[in-house]
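Okay, structure first, notes after.
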Amino acid sequence: MKLISTMLLGALLLAGCAPKGGDAGGAGATGGRGDKGKGGAYLAYIHAVSIDTVEAQVQPLYERLVAACKAEPADGCTLLDSSVSGGREVGARLSFRASPAGVQRLIGLAASGGALSERSTRVEDLAGPIVDSNKRLEMLKQYQLKLQELERRAGRDVDALIKVSRELATVQSELEQATGDNARLMLRVNQDVLNVTLGTRMQRSFWAPVRHALGDFSGNLLAGLSGAIIGFAYGLPWLLAFLLLFPLARKGWRRMRGA
């Protein structure tokens, strides 16, 4: 029992002192587009484009972009977010995650439906988090192997088996979480994010302001009438007071002049 406890403590210490040479191996095992930048940097790209088009084309262009994303499973395209607004300001917003080639195709499709008014790209360097994640994965894997060896050596020592099994369950949970975190980081490296904004600011119809004004006429008229009524209600007491006091004040003024 003491031997197993000593070995368990030794495994903990060895896991904390795991060699750092596993960085490159962990990074290589994850694969993907780790060489996006110079020097094998792990770079995450976020693109943003703004398309200006006529109001009648906003909804069709929005639907074409969604359909194009669904029609390209090879690109791993995923629609992350989308919204369409109508009324006075017609527009739409979409957010995609796809391979670099898929992102470029979506940008070309969006630009074909109007004028590309703005385009930007933001890059985030994930080398530090990915290297740290690979180190953690390597240490957890080595620790798991050592615990499995201790489990085999424990034999029929029930207490030792319970301790090692409990530690193995904890390590397995941490390993699954670390693997998921690493996969999410590599997904950001291997696939780009594209944010598309569809608007009508530059290609708005000449009569659009007049049409909007006519559409708001009844509402503005009612708002003006309600304001006039409220103003009249506030001023009515002052008007009554003036009508009552003015004759008295005029009469007193005449008496003062006559005196």
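Note on naming: chains are A, B, ... as they come in the structure tokens, residues start from 1 per chain, ligands start from 1 in the order shown.
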
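Residue neighbourhood of Val164 in chain A, excluding near-sequence residues (fewer than 3 positions): Leu147, Glu151, Ala160, Leu161, Glu167 and Leu168 of chain A, at 7 Å, using only C-alpha atoms.
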
Export, as a PDB file, in the first residue's frame, the selected residues with N, CA, C and O atoms.
ATOM      1  N   LEU A 147      -0.469   6.288 -14.629  1.00  0.00           N
ATOM      2  CA  LEU A 147      -1.528   5.795 -13.740  1.00  0.00           C
ATOM      3  C   LEU A 147      -2.018   4.419 -14.177  1.00  0.00           C
ATOM      4  O   LEU A 147      -2.321   3.559 -13.324  1.00  0.00           O
ATOM      5  N   GLU A 151      -2.026   1.056 -11.986  1.00  0.00           N
ATOM      6  CA  GLU A 151      -3.229   0.234 -11.824  1.00  0.00           C
ATOM      7  C   GLU A 151      -2.913  -1.239 -12.057  1.00  0.00           C
ATOM      8  O   GLU A 151      -3.429  -2.117 -11.360  1.00  0.00           O
ATOM      9  N   ALA A 160      -5.453   0.745  -2.966  1.00  0.00           N
ATOM     10  CA  ALA A 160      -4.618   1.358  -3.999  1.00  0.00           C
ATOM     11  C   ALA A 160      -5.381   1.454  -5.321  1.00  0.00           C
ATOM     12  O   ALA A 160      -5.292   2.464  -6.031  1.00  0.00           O
ATOM     13  N   LEU A 161      -6.129   0.419  -5.651  1.00  0.00           N
ATOM     14  CA  LEU A 161      -6.913   0.445  -6.891  1.00  0.00           C
ATOM     15  C   LEU A 161      -7.948   1.558  -6.872  1.00  0.00           C
ATOM     16  O   LEU A 161      -8.182   2.235  -7.885  1.00  0.00           O
ATOM     17  N   GLU A 167      -8.093   8.720  -9.510  1.00  0.00           N
ATOM     18  CA  GLU A 167      -7.191   9.661 -10.182  1.00  0.00           C
ATOM     19  C   GLU A 167      -7.285   9.503 -11.710  1.00  0.00           C
ATOM     20  O   GLU A 167      -7.236  10.486 -12.459  1.00  0.00           O
ATOM     21  N   LEU A 168      -7.449   8.272 -12.172  1.00  0.00           N
ATOM     22  CA  LEU A 168      -7.602   8.027 -13.613  1.00  0.00           C
ATOM     23  C   LEU A 168      -8.868   8.681 -14.155  1.00  0.00           C
ATOM     24  O   LEU A 168      -8.859   9.250 -15.255  1.00  0.00           O
TER      25      LEU A 168
END

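Residues in contact with Ala183 in chain A at 10 Å, where only C-alpha atoms are counted and same-chain residues fewer than 4 positions away are skipped, are listed as A:Thr30, A:Ile130, A:Ser133, A:Gln177, A:Ala178, A:Thr179, A:Leu187, A:Arg188, A:Val189.
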
Since we have the selection now, will you write its residues out, keeping N, CA, C and O atoms, as a compact mmCIF listing (two decimals), in the first residue's frame?
# COMPACT_ATOMS: atom_id res chain seq x y z
N THR A 30 -2.37 17.54 -34.40
CA THR A 30 -3.65 18.20 -34.64
C THR A 30 -3.85 18.47 -36.11
O THR A 30 -4.99 18.58 -36.57
N ILE A 130 -2.25 27.69 -28.41
CA ILE A 130 -2.16 26.35 -28.98
C ILE A 130 -0.96 25.60 -28.43
O ILE A 130 -1.03 24.41 -28.11
N SER A 133 -1.80 24.55 -25.01
CA SER A 133 -2.78 23.45 -25.05
C SER A 133 -2.10 22.13 -25.40
O SER A 133 -2.40 21.09 -24.81
N GLN A 177 -11.54 17.46 -21.73
CA GLN A 177 -11.74 18.91 -21.79
C GLN A 177 -10.59 19.58 -22.55
O GLN A 177 -10.82 20.47 -23.39
N ALA A 178 -9.36 19.16 -22.28
CA ALA A 178 -8.20 19.75 -22.96
C ALA A 178 -8.23 19.42 -24.45
O ALA A 178 -7.89 20.27 -25.29
N THR A 179 -8.67 18.23 -24.81
CA THR A 179 -8.78 17.86 -26.22
C THR A 179 -9.82 18.72 -26.93
O THR A 179 -9.61 19.17 -28.06
N LEU A 187 -9.82 24.73 -34.89
CA LEU A 187 -10.91 25.07 -35.80
C LEU A 187 -10.82 26.54 -36.20
O LEU A 187 -11.06 26.90 -37.36
N ARG A 188 -10.48 27.40 -35.23
CA ARG A 188 -10.33 28.83 -35.54
C ARG A 188 -9.17 29.07 -36.49
O ARG A 188 -9.19 30.03 -37.26
N VAL A 189 -8.14 28.20 -36.43
CA VAL A 189 -7.00 28.34 -37.33
C VAL A 189 -7.33 27.80 -38.72
O VAL A 189 -6.99 28.40 -39.74

Hey, which bits of range 107-179 of chain A sit within 12 Å of range 81-102 of chain A, and for each residue what's the closest pair of atoms and how far apart in Å (one decimal), counting only C-alpha atoms, rows by chain and increasing number, as a tab-separated table?
residue	atom	partner	partner_atom	distance
A:Ile107	CA	A:Gly102	CA	8.7
A:Gly108	CA	A:Gly102	CA	9.9
A:Leu109	CA	A:Gly102	CA	10.6
A:Ala110	CA	A:Leu94	CA	10.8

Filtered DSSP result for range 65-215 of chain A, state helix (DSSP H, G or I), as a PyMOL selection string: chain A and resi 65-70+73-75+100-112+127-154+158-190+208-215

If we count only C-alpha atoms and set the cut-off at 8 Å, which residues sit around Ser117 in chain A, ignoring sequence neighbours fewer than 2 positions away in its own chain? Please answer as an MDAnalysis selection string. chainID A and resid 49:52 115 119

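Pairwise distance (CA of Gln172 in chain A, CA of Gln144 in chain A) equals 7.5 Å.
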
Tell me, counting only C-alpha atoms, for each residue of range 33-72 of chain A within 6 Å of range 120-127 of chain A, which pair of atoms is nearest and how far apart they are in Å to one decimal, in rows ordered by chain and increasing number, as a tab-separated table.
residue	atom	partner	partner_atom	distance
A:Tyr42	CA	A:Ala127	CA	4.9
A:Leu43	CA	A:Asp125	CA	4.7
A:Ala44	CA	A:Glu124	CA	5.1
A:Tyr45	CA	A:Val123	CA	4.7
A:Ile46	CA	A:Arg122	CA	5.1
A:His47	CA	A:Thr121	CA	4.4
A:Ala48	CA	A:Ser120	CA	5.2

Calculated over only C-alpha atoms, which of the candidates A:Gly227, A:Gly199, A:Gly128, A:Gly76 has the smallest distance to Tyr62 in chain A? A:Gly199

Could you write out, as an NGL selection string, all the residues of range 32-162 of chain A that DSSP marks as strand (DSSP E or B)? :A and (43-52 or 78-85 or 91-98 or 115-125)

Preceding selection exported with C-alpha atoms as a PDB file, in the first residue's frame:
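Saved the output as result00.pdb:
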ATOM      1  CA  LEU A  43      -3.390  32.592 -37.260  1.00  0.00           C
ATOM      2  CA  ALA A  44      -7.168  33.011 -37.004  1.00  0.00           C
ATOM      3  CA  TYR A  45      -8.717  35.223 -39.688  1.00  0.00           C
ATOM      4  CA  ILE A  46     -11.943  37.204 -39.303  1.00  0.00           C
ATOM      5  CA  HIS A  47     -13.198  38.888 -42.482  1.00  0.00           C
ATOM      6  CA  ALA A  48     -15.926  41.544 -42.744  1.00  0.00           C
ATOM      7  CA  VAL A  49     -17.581  42.848 -45.911  1.00  0.00           C
ATOM      8  CA  SER A  50     -20.348  45.399 -46.455  1.00  0.00           C
ATOM      9  CA  ILE A  51     -22.495  45.169 -49.578  1.00  0.00           C
ATOM     10  CA  ASP A  52     -24.655  48.051 -50.753  1.00  0.00           C
ATOM     11  CA  THR A  78     -21.501  26.862 -40.916  1.00  0.00           C
ATOM     12  CA  LEU A  79     -24.013  29.685 -40.558  1.00  0.00           C
ATOM     13  CA  LEU A  80     -23.199  31.178 -37.153  1.00  0.00           C
ATOM     14  CA  ASP A  81     -25.708  34.039 -37.064  1.00  0.00           C
ATOM     15  CA  SER A  82     -28.177  35.815 -39.341  1.00  0.00           C
ATOM     16  CA  SER A  83     -30.824  38.528 -39.200  1.00  0.00           C
ATOM     17  CA  VAL A  84     -32.985  40.492 -41.651  1.00  0.00           C
ATOM     18  CA  SER A  85     -34.541  43.896 -40.992  1.00  0.00           C
ATOM     19  CA  GLY A  91     -30.802  45.262 -44.450  1.00  0.00           C
ATOM     20  CA  ALA A  92     -29.398  41.925 -43.352  1.00  0.00           C
ATOM     21  CA  ARG A  93     -26.462  40.535 -41.386  1.00  0.00           C
ATOM     22  CA  LEU A  94     -24.859  37.108 -41.707  1.00  0.00           C
ATOM     23  CA  SER A  95     -21.922  35.403 -40.046  1.00  0.00           C
ATOM     24  CA  PHE A  96     -20.234  32.284 -41.469  1.00  0.00           C
ATOM     25  CA  ARG A  97     -17.400  29.943 -40.564  1.00  0.00           C
ATOM     26  CA  ALA A  98     -15.809  28.198 -43.549  1.00  0.00           C
ATOM     27  CA  ALA A 115     -21.426  47.162 -54.612  1.00  0.00           C
ATOM     28  CA  LEU A 116     -18.659  46.132 -52.214  1.00  0.00           C
ATOM     29  CA  SER A 117     -18.537  49.257 -50.057  1.00  0.00           C
ATOM     30  CA  GLU A 118     -16.194  48.009 -47.332  1.00  0.00           C
ATOM     31  CA  ARG A 119     -13.904  45.065 -46.676  1.00  0.00           C
ATOM     32  CA  SER A 120     -11.610  44.350 -43.736  1.00  0.00           C
ATOM     33  CA  THR A 121      -9.633  41.458 -42.255  1.00  0.00           C
ATOM     34  CA  ARG A 122      -8.589  41.002 -38.650  1.00  0.00           C
ATOM     35  CA  VAL A 123      -5.933  38.448 -37.680  1.00  0.00           C
ATOM     36  CA  GLU A 124      -5.452  36.897 -34.252  1.00  0.00           C
ATOM     37  CA  ASP A 125      -2.275  34.977 -33.395  1.00  0.00           C
TER      38      ASP A 125
END
